[in-house]
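Undergrad: My file is protein-v7.cif. It has mmCIF, C-alpha atoms and all ligand atoms:
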data_protein
#
loop_
_atom_site.group_PDB
_atom_site.id
_atom_site.type_symbol
_atom_site.label_atom_id
_atom_site.label_comp_id
_atom_site.auth_asym_id
_atom_site.auth_seq_id
_atom_site.Cartn_x
_atom_site.Cartn_y
_atom_site.Cartn_z
ATOM 1 C CA MET A 1 0.000 0.000 0.000
ATOM 2 C CA GLY A 2 2.840 2.368 0.922
ATOM 3 C CA ARG A 3 4.379 1.929 -2.469
ATOM 4 C CA ILE A 4 1.119 2.533 -4.292
ATOM 5 C CA ARG A 5 0.548 5.631 -2.174
ATOM 6 C CA LYS A 6 4.021 6.879 -3.109
ATOM 7 C CA LEU A 7 3.404 6.220 -6.794
ATOM 8 C CA PHE A 8 0.063 7.961 -6.575
ATOM 9 C CA ASP A 9 1.664 10.983 -4.938
ATOM 10 C CA LYS A 10 4.411 10.987 -7.489
ATOM 11 C CA TYR A 11 2.224 10.926 -10.558
ATOM 12 C CA PHE A 12 -0.986 12.569 -9.495
ATOM 13 C CA CYS A 13 0.325 14.559 -6.584
ATOM 14 C CA SER A 14 -2.886 15.642 -4.968
ATOM 15 C CA PRO A 15 -2.264 16.611 -2.308
ATOM 16 C CA PRO A 16 1.552 16.409 -2.181
ATOM 17 C CA ARG A 17 3.620 15.908 0.951
ATOM 18 C CA CYS A 18 5.950 18.480 2.469
ATOM 19 C CA ILE A 19 9.025 18.689 0.233
ATOM 20 C CA PHE A 20 11.322 18.833 3.265
ATOM 21 C CA CYS A 21 10.023 16.331 5.819
ATOM 22 C CA GLY A 22 7.677 14.335 3.577
ATOM 23 C CA ASP A 23 5.221 13.951 6.408
ATOM 24 C CA GLU A 24 2.340 16.334 6.430
ATOM 25 C CA LYS A 25 0.081 16.933 3.541
ATOM 26 C CA CYS A 26 0.303 20.321 1.902
ATOM 27 C CA THR A 27 -1.092 22.092 -1.121
ATOM 28 C CA ALA A 28 0.505 22.000 -4.552
ATOM 29 C CA ASP A 29 0.852 25.798 -4.426
ATOM 30 C CA PHE A 30 2.711 25.671 -1.161
ATOM 31 C CA PRO A 31 4.218 22.201 -0.619
ATOM 32 C CA VAL A 32 5.858 22.985 2.725
ATOM 33 C CA CYS A 33 4.443 22.179 6.168
ATOM 34 C CA LYS A 34 4.230 24.779 8.922
ATOM 35 C CA SER A 35 7.249 23.725 10.962
ATOM 36 C CA CYS A 36 9.443 23.235 7.884
ATOM 37 C CA TYR A 37 8.424 26.677 6.672
ATOM 38 C CA GLU A 38 9.538 28.196 9.986
ATOM 39 C CA ASN A 39 12.854 26.431 9.536
ATOM 40 C CA TYR A 40 13.033 27.606 5.924
ATOM 41 C CA LYS A 41 12.470 31.216 6.946
ATOM 42 C CA ALA A 42 15.116 31.005 9.656
ATOM 43 C CA ARG A 43 17.639 29.474 7.299
ATOM 44 C CA SER A 44 16.990 31.889 4.443
ATOM 45 C CA SER A 45 17.604 34.837 6.749
ATOM 46 C CA GLU A 46 20.939 33.483 7.957
ATOM 47 C CA GLY A 47 23.637 36.079 7.435
ATOM 48 C CA CYS A 48 26.351 36.199 4.816
ATOM 49 C CA ALA A 49 29.861 35.423 6.127
ATOM 50 C CA ASP A 50 31.074 38.782 4.893
ATOM 51 C CA CYS A 51 28.507 41.459 5.803
ATOM 52 C CA GLY A 52 26.199 39.473 8.093
ATOM 53 C CA ALA A 53 23.070 40.398 6.112
ATOM 54 C CA ALA A 54 20.502 37.862 4.915
ATOM 55 C CA PRO A 55 20.966 36.809 1.265
ATOM 56 C CA ILE A 56 18.092 39.074 0.187
ATOM 57 C CA ASP A 57 19.845 42.139 1.639
ATOM 58 C CA CYS A 58 23.425 41.193 0.837
ATOM 59 C CA ASN A 59 25.149 42.549 -2.243
ATOM 60 C CA CYS A 60 28.694 41.503 -1.510
ATOM 61 C CA VAL A 61 28.764 38.210 -3.416
ATOM 62 C CA SER A 62 29.416 38.504 -7.098
ATOM 63 C CA VAL A 63 30.193 36.107 -9.922
ATOM 64 C CA ARG A 64 32.408 37.076 -12.842
ATOM 65 C CA HIS A 65 30.611 38.046 -16.044
ATOM 66 C CA CYS A 66 27.261 38.167 -14.242
ATOM 67 C CA ALA A 67 25.796 41.649 -13.779
ATOM 68 C CA GLN A 68 24.185 40.381 -10.559
ATOM 69 C CA TYR A 69 24.083 37.152 -8.626
ATOM 70 C CA TYR A 70 21.212 36.115 -6.339
ATOM 71 C CA ARG A 71 20.833 33.168 -3.967
ATOM 72 C CA LEU A 72 18.293 31.968 -1.432
ATOM 73 C CA PHE A 73 20.659 30.508 1.159
ATOM 74 C CA ASN A 74 24.124 30.535 2.546
ATOM 75 C CA TYR A 75 25.015 26.859 2.433
ATOM 76 C CA GLU A 76 26.232 26.393 5.961
ATOM 77 C CA HIS A 77 23.500 25.024 8.115
ATOM 78 C CA ARG A 78 22.921 21.280 8.221
ATOM 79 C CA SER A 79 19.248 21.556 7.320
ATOM 80 C CA VAL A 80 20.104 23.609 4.227
ATOM 81 C CA CYS A 81 22.643 20.941 3.241
ATOM 82 C CA LEU A 82 20.038 18.210 3.628
ATOM 83 C CA MET A 83 17.543 20.187 1.601
ATOM 84 C CA ILE A 84 20.000 20.639 -1.249
ATOM 85 C CA ILE A 85 21.038 17.007 -1.163
ATOM 86 C CA LYS A 86 17.394 16.062 -1.551
ATOM 87 C CA LEU A 87 17.131 18.349 -4.535
ATOM 88 C CA LYS A 88 20.195 16.721 -6.059
ATOM 89 C CA ARG A 89 19.249 13.084 -5.630
ATOM 90 C CA LYS A 90 15.625 12.791 -6.479
ATOM 91 C CA ILE A 91 13.392 14.688 -8.785
ATOM 92 C CA ASN A 92 10.506 16.215 -6.875
ATOM 93 C CA ARG A 93 8.704 18.651 -9.094
ATOM 94 C CA PHE A 94 7.068 20.357 -6.148
ATOM 95 C CA ALA A 95 10.467 21.051 -4.619
ATOM 96 C CA PHE A 96 11.837 22.467 -7.862
ATOM 97 C CA ARG A 97 8.725 24.577 -8.347
ATOM 98 C CA PHE A 98 8.944 25.854 -4.793
ATOM 99 C CA PHE A 99 12.599 26.927 -5.063
ATOM 100 C CA ALA A 100 11.973 28.354 -8.519
ATOM 101 C CA SER A 101 9.114 30.530 -7.252
ATOM 102 C CA ARG A 102 11.220 31.685 -4.291
ATOM 103 C CA LEU A 103 14.091 32.645 -6.581
ATOM 104 C CA VAL A 104 11.807 34.519 -8.965
ATOM 105 C CA ALA A 105 10.231 36.356 -6.021
ATOM 106 C CA MET A 106 13.678 37.284 -4.724
ATOM 107 C CA ILE A 107 14.897 38.585 -8.086
ATOM 108 C CA GLU A 108 11.704 40.607 -8.477
ATOM 109 C CA ALA A 109 12.067 42.023 -4.976
ATOM 110 C CA LYS A 110 15.723 42.946 -5.487
ATOM 111 C CA THR A 111 15.173 44.550 -8.871
ATOM 112 C CA LEU A 112 11.780 46.069 -7.949
ATOM 113 C CA GLY A 113 10.281 44.185 -10.874
ATOM 114 C CA THR A 114 12.199 46.288 -13.413
ATOM 115 C CA LEU A 115 14.248 43.434 -14.864
ATOM 116 C CA SER A 116 12.934 41.142 -17.567
ATOM 117 C CA PHE A 117 14.616 38.158 -19.174
ATOM 118 C CA ASP A 118 14.504 36.758 -22.699
ATOM 119 C CA CYS A 119 15.338 33.234 -21.611
ATOM 120 C CA VAL A 120 16.646 31.018 -18.809
ATOM 121 C CA THR A 121 19.607 28.672 -19.045
ATOM 122 C CA PHE A 122 21.620 26.623 -16.535
ATOM 123 C CA VAL A 123 25.080 25.459 -15.517
ATOM 124 C CA PRO A 124 24.968 21.851 -16.772
ATOM 125 C CA ARG A 125 26.061 18.681 -15.004
ATOM 126 C CA ASP A 126 28.414 16.339 -16.789
ATOM 127 C CA ILE A 127 27.161 13.092 -18.338
ATOM 128 C CA LYS A 128 28.374 11.056 -15.359
ATOM 129 C CA GLY A 129 26.295 13.079 -12.905
ATOM 130 C CA ARG A 130 23.304 13.054 -15.187
ATOM 131 C CA ARG A 131 23.511 9.280 -15.531
ATOM 132 C CA LEU A 132 23.936 8.772 -11.804
ATOM 133 C CA HIS A 133 20.839 10.751 -10.836
ATOM 134 C CA GLY A 134 18.862 10.555 -14.054
ATOM 135 C CA PHE A 135 18.326 14.292 -14.319
ATOM 136 C CA ASP A 136 20.067 17.645 -14.177
ATOM 137 C CA GLN A 137 18.925 19.759 -11.235
ATOM 138 C CA GLY A 138 20.029 22.988 -12.930
ATOM 139 C CA GLU A 139 17.886 22.102 -15.921
ATOM 140 C CA GLU A 140 14.860 21.301 -13.760
ATOM 141 C CA LEU A 141 15.251 24.588 -11.937
ATOM 142 C CA ALA A 142 15.616 26.459 -15.243
ATOM 143 C CA LYS A 143 12.485 24.818 -16.658
ATOM 144 C CA CYS A 144 10.414 25.795 -13.609
ATOM 145 C CA ILE A 145 11.733 29.358 -13.607
ATOM 146 C CA GLY A 146 11.116 29.636 -17.348
ATOM 147 C CA LYS A 147 7.484 28.644 -16.833
ATOM 148 C CA LEU A 148 7.055 31.198 -14.055
ATOM 149 C CA LEU A 149 8.625 33.985 -16.101
ATOM 150 C CA GLY A 150 6.921 32.969 -19.327
ATOM 151 C CA VAL A 151 10.224 32.645 -21.210
ATOM 152 C CA PRO A 152 11.933 29.609 -22.786
ATOM 153 C CA ALA A 153 14.424 27.482 -20.829
ATOM 154 C CA VAL A 154 17.203 26.579 -23.264
ATOM 155 C CA SER A 155 20.329 24.452 -22.712
ATOM 156 C CA PHE A 156 22.916 26.760 -24.249
ATOM 157 C CA LEU A 157 25.810 25.116 -22.449
ATOM 158 C CA LEU A 158 27.438 21.687 -22.404
ATOM 159 C CA ASN A 159 29.586 20.082 -19.719
ATOM 160 C CA ASN A 160 32.106 17.688 -21.247
ATOM 161 C CA GLY A 161 33.329 16.461 -17.846
ATOM 162 C CA GLN A 162 36.945 17.403 -18.535
ATOM 163 C CA GLY A 163 39.259 19.162 -16.102
ATOM 164 C CA GLY A 164 38.756 16.840 -13.128
ATOM 165 C CA GLU A 165 36.046 16.649 -10.546
ATOM 166 C CA GLN A 166 35.242 20.179 -9.390
ATOM 167 C CA LYS A 167 34.832 19.422 -5.707
ATOM 168 C CA ARG A 168 38.280 17.783 -5.508
ATOM 169 C CA LEU A 169 40.015 20.846 -6.876
ATOM 170 C CA SER A 170 41.415 23.731 -4.923
ATOM 171 C CA ARG A 171 39.841 27.129 -5.406
ATOM 172 C CA ASN A 172 42.657 28.322 -7.667
ATOM 173 C CA PHE A 173 42.318 25.409 -10.040
ATOM 174 C CA ARG A 174 38.552 25.578 -10.338
ATOM 175 C CA GLY A 175 38.641 28.515 -12.727
ATOM 176 C CA ILE A 176 41.087 26.767 -15.037
ATOM 177 C CA ALA A 177 39.147 23.495 -14.844
ATOM 178 C CA ALA A 178 35.875 25.296 -15.605
ATOM 179 C CA MET A 179 37.409 26.694 -18.776
ATOM 180 C CA ALA A 180 38.123 23.159 -19.986
ATOM 181 C CA ARG A 181 34.775 21.817 -18.874
ATOM 182 C CA PHE A 182 32.127 24.075 -20.372
ATOM 183 C CA GLU A 183 31.376 24.858 -23.982
ATOM 184 C CA VAL A 184 28.545 26.334 -25.968
ATOM 185 C CA ASN A 185 25.838 24.012 -27.261
ATOM 186 C CA GLY A 186 26.257 24.562 -30.992
ATOM 187 C CA LYS A 187 22.863 23.049 -31.780
ATOM 188 C CA LYS A 188 21.065 25.915 -30.054
ATOM 189 C CA LEU A 189 22.881 28.718 -31.833
ATOM 190 C CA VAL A 190 21.309 30.770 -34.598
ATOM 191 C CA GLY A 191 23.928 31.976 -37.077
ATOM 192 C CA GLY A 192 26.670 31.193 -34.554
ATOM 193 C CA LYS A 193 24.994 33.329 -31.875
ATOM 194 C CA ILE A 194 22.628 32.933 -28.966
ATOM 195 C CA PRO A 195 19.427 34.637 -30.112
ATOM 196 C CA TYR A 196 18.734 36.320 -26.723
ATOM 197 C CA LYS A 197 20.080 39.452 -25.089
ATOM 198 C CA LYS A 198 19.098 39.109 -21.414
ATOM 199 C CA VAL A 199 19.655 35.678 -19.912
ATOM 200 C CA LEU A 200 19.086 34.290 -16.429
ATOM 201 C CA LEU A 201 21.720 31.651 -15.616
ATOM 202 C CA VAL A 202 20.782 29.243 -12.816
ATOM 203 C CA ASP A 203 22.476 26.520 -10.782
ATOM 204 C CA ASP A 204 21.585 24.701 -7.561
ATOM 205 C CA ILE A 205 24.773 25.549 -5.636
ATOM 206 C CA VAL A 206 27.462 28.120 -6.291
ATOM 207 C CA THR A 207 30.738 27.452 -4.492
ATOM 208 C CA THR A 208 33.599 29.561 -5.801
ATOM 209 C CA GLY A 209 31.526 30.799 -8.717
ATOM 210 C CA ALA A 210 34.082 29.433 -11.190
ATOM 211 C CA SER A 211 31.549 27.303 -13.102
ATOM 212 C CA MET A 212 28.865 29.958 -13.205
ATOM 213 C CA GLY A 213 31.390 32.649 -14.144
ATOM 214 C CA GLU A 214 32.765 30.574 -16.999
ATOM 215 C CA CYS A 215 29.250 29.749 -18.250
ATOM 216 C CA ALA A 216 28.367 33.455 -18.163
ATOM 217 C CA ARG A 217 31.524 34.259 -20.121
ATOM 218 C CA ILE A 218 30.582 31.717 -22.811
ATOM 219 C CA LEU A 219 27.065 33.165 -23.053
ATOM 220 C CA LYS A 220 28.476 36.676 -23.483
ATOM 221 C CA ASP A 221 31.001 35.459 -26.049
ATOM 222 C CA HIS A 222 28.037 34.298 -28.102
ATOM 223 C CA GLY A 223 26.093 37.521 -28.202
ATOM 224 C CA VAL A 224 24.304 37.714 -24.840
ATOM 225 C CA LYS A 225 24.429 41.270 -23.479
ATOM 226 C CA LEU A 226 23.331 40.738 -19.881
ATOM 227 C CA VAL A 227 23.701 37.665 -17.676
ATOM 228 C CA ILE A 228 22.126 37.493 -14.225
ATOM 229 C CA GLY A 229 23.164 34.530 -12.066
ATOM 230 C CA ALA A 230 20.924 32.814 -9.511
ATOM 231 C CA SER A 231 21.284 29.744 -7.324
ATOM 232 C CA VAL A 232 19.445 28.070 -4.482
ATOM 233 C CA ALA A 233 22.504 28.187 -2.243
ATOM 234 C CA HIS A 234 25.939 29.687 -1.993
ATOM 235 C CA THR A 235 28.868 28.340 0.010
ATOM 236 C CA PRO A 236 30.274 31.262 1.950
ATOM 237 C CA VAL A 237 33.980 31.867 1.618
ATOM 238 C CA ARG A 238 36.160 33.979 3.832
ATOM 239 C CA GLY A 239 36.757 37.545 2.869
ATOM 240 C CA ARG A 240 35.094 39.520 0.146
ATOM 241 C CA ALA A 241 33.762 37.071 -2.366
ATOM 242 C CA VAL A 242 34.637 38.415 -5.773
ATOM 243 C CA PHE A 243 35.355 35.542 -8.091
HETATM 244 ZN ZN ZN B 1 7.653 19.475 6.641
HETATM 245 ZN ZN ZN B 2 27.095 39.969 2.365
#
What's the structure tokens form of this structure?

TA:
Amino acid sequence: MGRIRKLFDKYFCSPPRCIFCGDEKCTADFPVCKSCYENYKARSSEGCADCGAAPIDCNCVSVRHCAQYYRLFNYEHRSVCLMIIKLKRKINRFAFRFFASRLVAMIEAKTLGTLSFDCVTFVPRDIKGRRLHGFDQGEELAKCIGKLLGVPAVSFLLNNGQGGEQKRLSRNFRGIAAMARFEVNGKKLVGGKIPYKKVLLVDDIVTTGASMGECARILKDHGVKLVIGASVAHTPVRGRAVF
């Protein structure tokens, strides 16, 4: 019965369970239970390592080649880590939709609704990661955000897996490795260019910003005028974080 229930929830999803604890029933519009939402609010207001402000009020994290970079969390607290791990391992469309709507709300709040995008793209996983989990969390996030913004989500970037495993590399080598790893997806170009001017580039976690920065550089090299970066979480680093 448990398995059937799970399958039912998965495919028909009415009503879904809390995306964090999986226990209480919630609504599809807001798939988070009361106590998890309290935890969510506490975690999303946790201060940046540099200025101490909550991510929504902090402007001291930047990513190269991105005009702005926004994130929902500083990736420090255990419950944030668990949340992200969940997002990485299993596809839960309610979870992706929830984080997507939170990110869109944050970008709108920070830009006072003055910024519009022509499309959404993402920092891609390599084939190994995609095979292991069966999906690309950046892509799922991009698709959900695209739907919310009413713009296409396009995979303009490819990850060839070269340059070694990112998490095993020191900060200094990540930039160099990222240059070897990412390339433009030629199939999506129109006349050798990306046919959009303002692009939102998303990822689940930004660590040093090397991957996102390199992806933004590639987008700009192919005709994009403005790249805004956004992620669910950011790993704080000591000192002023300019990548
Ligand atoms: Zn819950
Ligand atoms: Zn800050």

Undergrad: Can you list what the PyMOL selection byres (((not hetatm)) within 10 of (chain B and resi 2)) grabs from this structure, as number ranges by chain?

TA: A: 47-62, 74, 236, 239-241

Undergrad: Find the distance between CA of Val227 in chain A and CA of Arg93 in chain A and write it in Å to one decimal.

TA: 25.7 Å

Undergrad: Could you report the residues within 9 Å of ligand ZN 1 (chain B), using only C-alpha atoms and all ligand atoms, as a ChimeraX atom specification?

TA: /A:17-26,31-37

Undergrad: What's around Leu200 in chain A at 7 Å? Count only C-alpha atoms, leave out sequence neighbours fewer than 3 positions away in its own chain, and write the answer as JSON, numbers by chain.

TA: {"A": [117, 119, 120, 121, 227, 228, 229]}

Undergrad: Would you compute the distance between CA of Ile145 in chain A and CA of Lys88 in chain A? Give it in Å to one decimal.

TA: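 Interatomic distance here is 17.0 Å.
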
Undergrad: Need to verify the contact set: Ile127 in chain A, 12 Å, all atoms listed in the file, exclusion of same-chain residues closer than 4 positions in sequence. Can you return it as a PyMOL selection string?

TA: chain A and resi 131-136+158-162+181

Undergrad: Quote the spacing between CA of Ala153 in chain A and CA of Lys188 in chain A in Å to one decimal place.

TA: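 These atoms are spaced 11.5 Å apart.
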
Undergrad: For a quick check of understanding, using only C-alpha atoms, which of A:Glu46, A:Asp29, A:Glu38, A:Asp118 has the smallest distance to Val199 in chain A?

TA: A:Asp118

Undergrad: If you apply the PyMOL selection byres (((chain A and resi 140) around 12) and not hetatm) to this file, what residues do you get, as a VMD selection string?

TA: chain A and resid 87 to 88 90 to 100 120 to 125 130 134 to 139 141 to 147 153 to 155 202 to 204
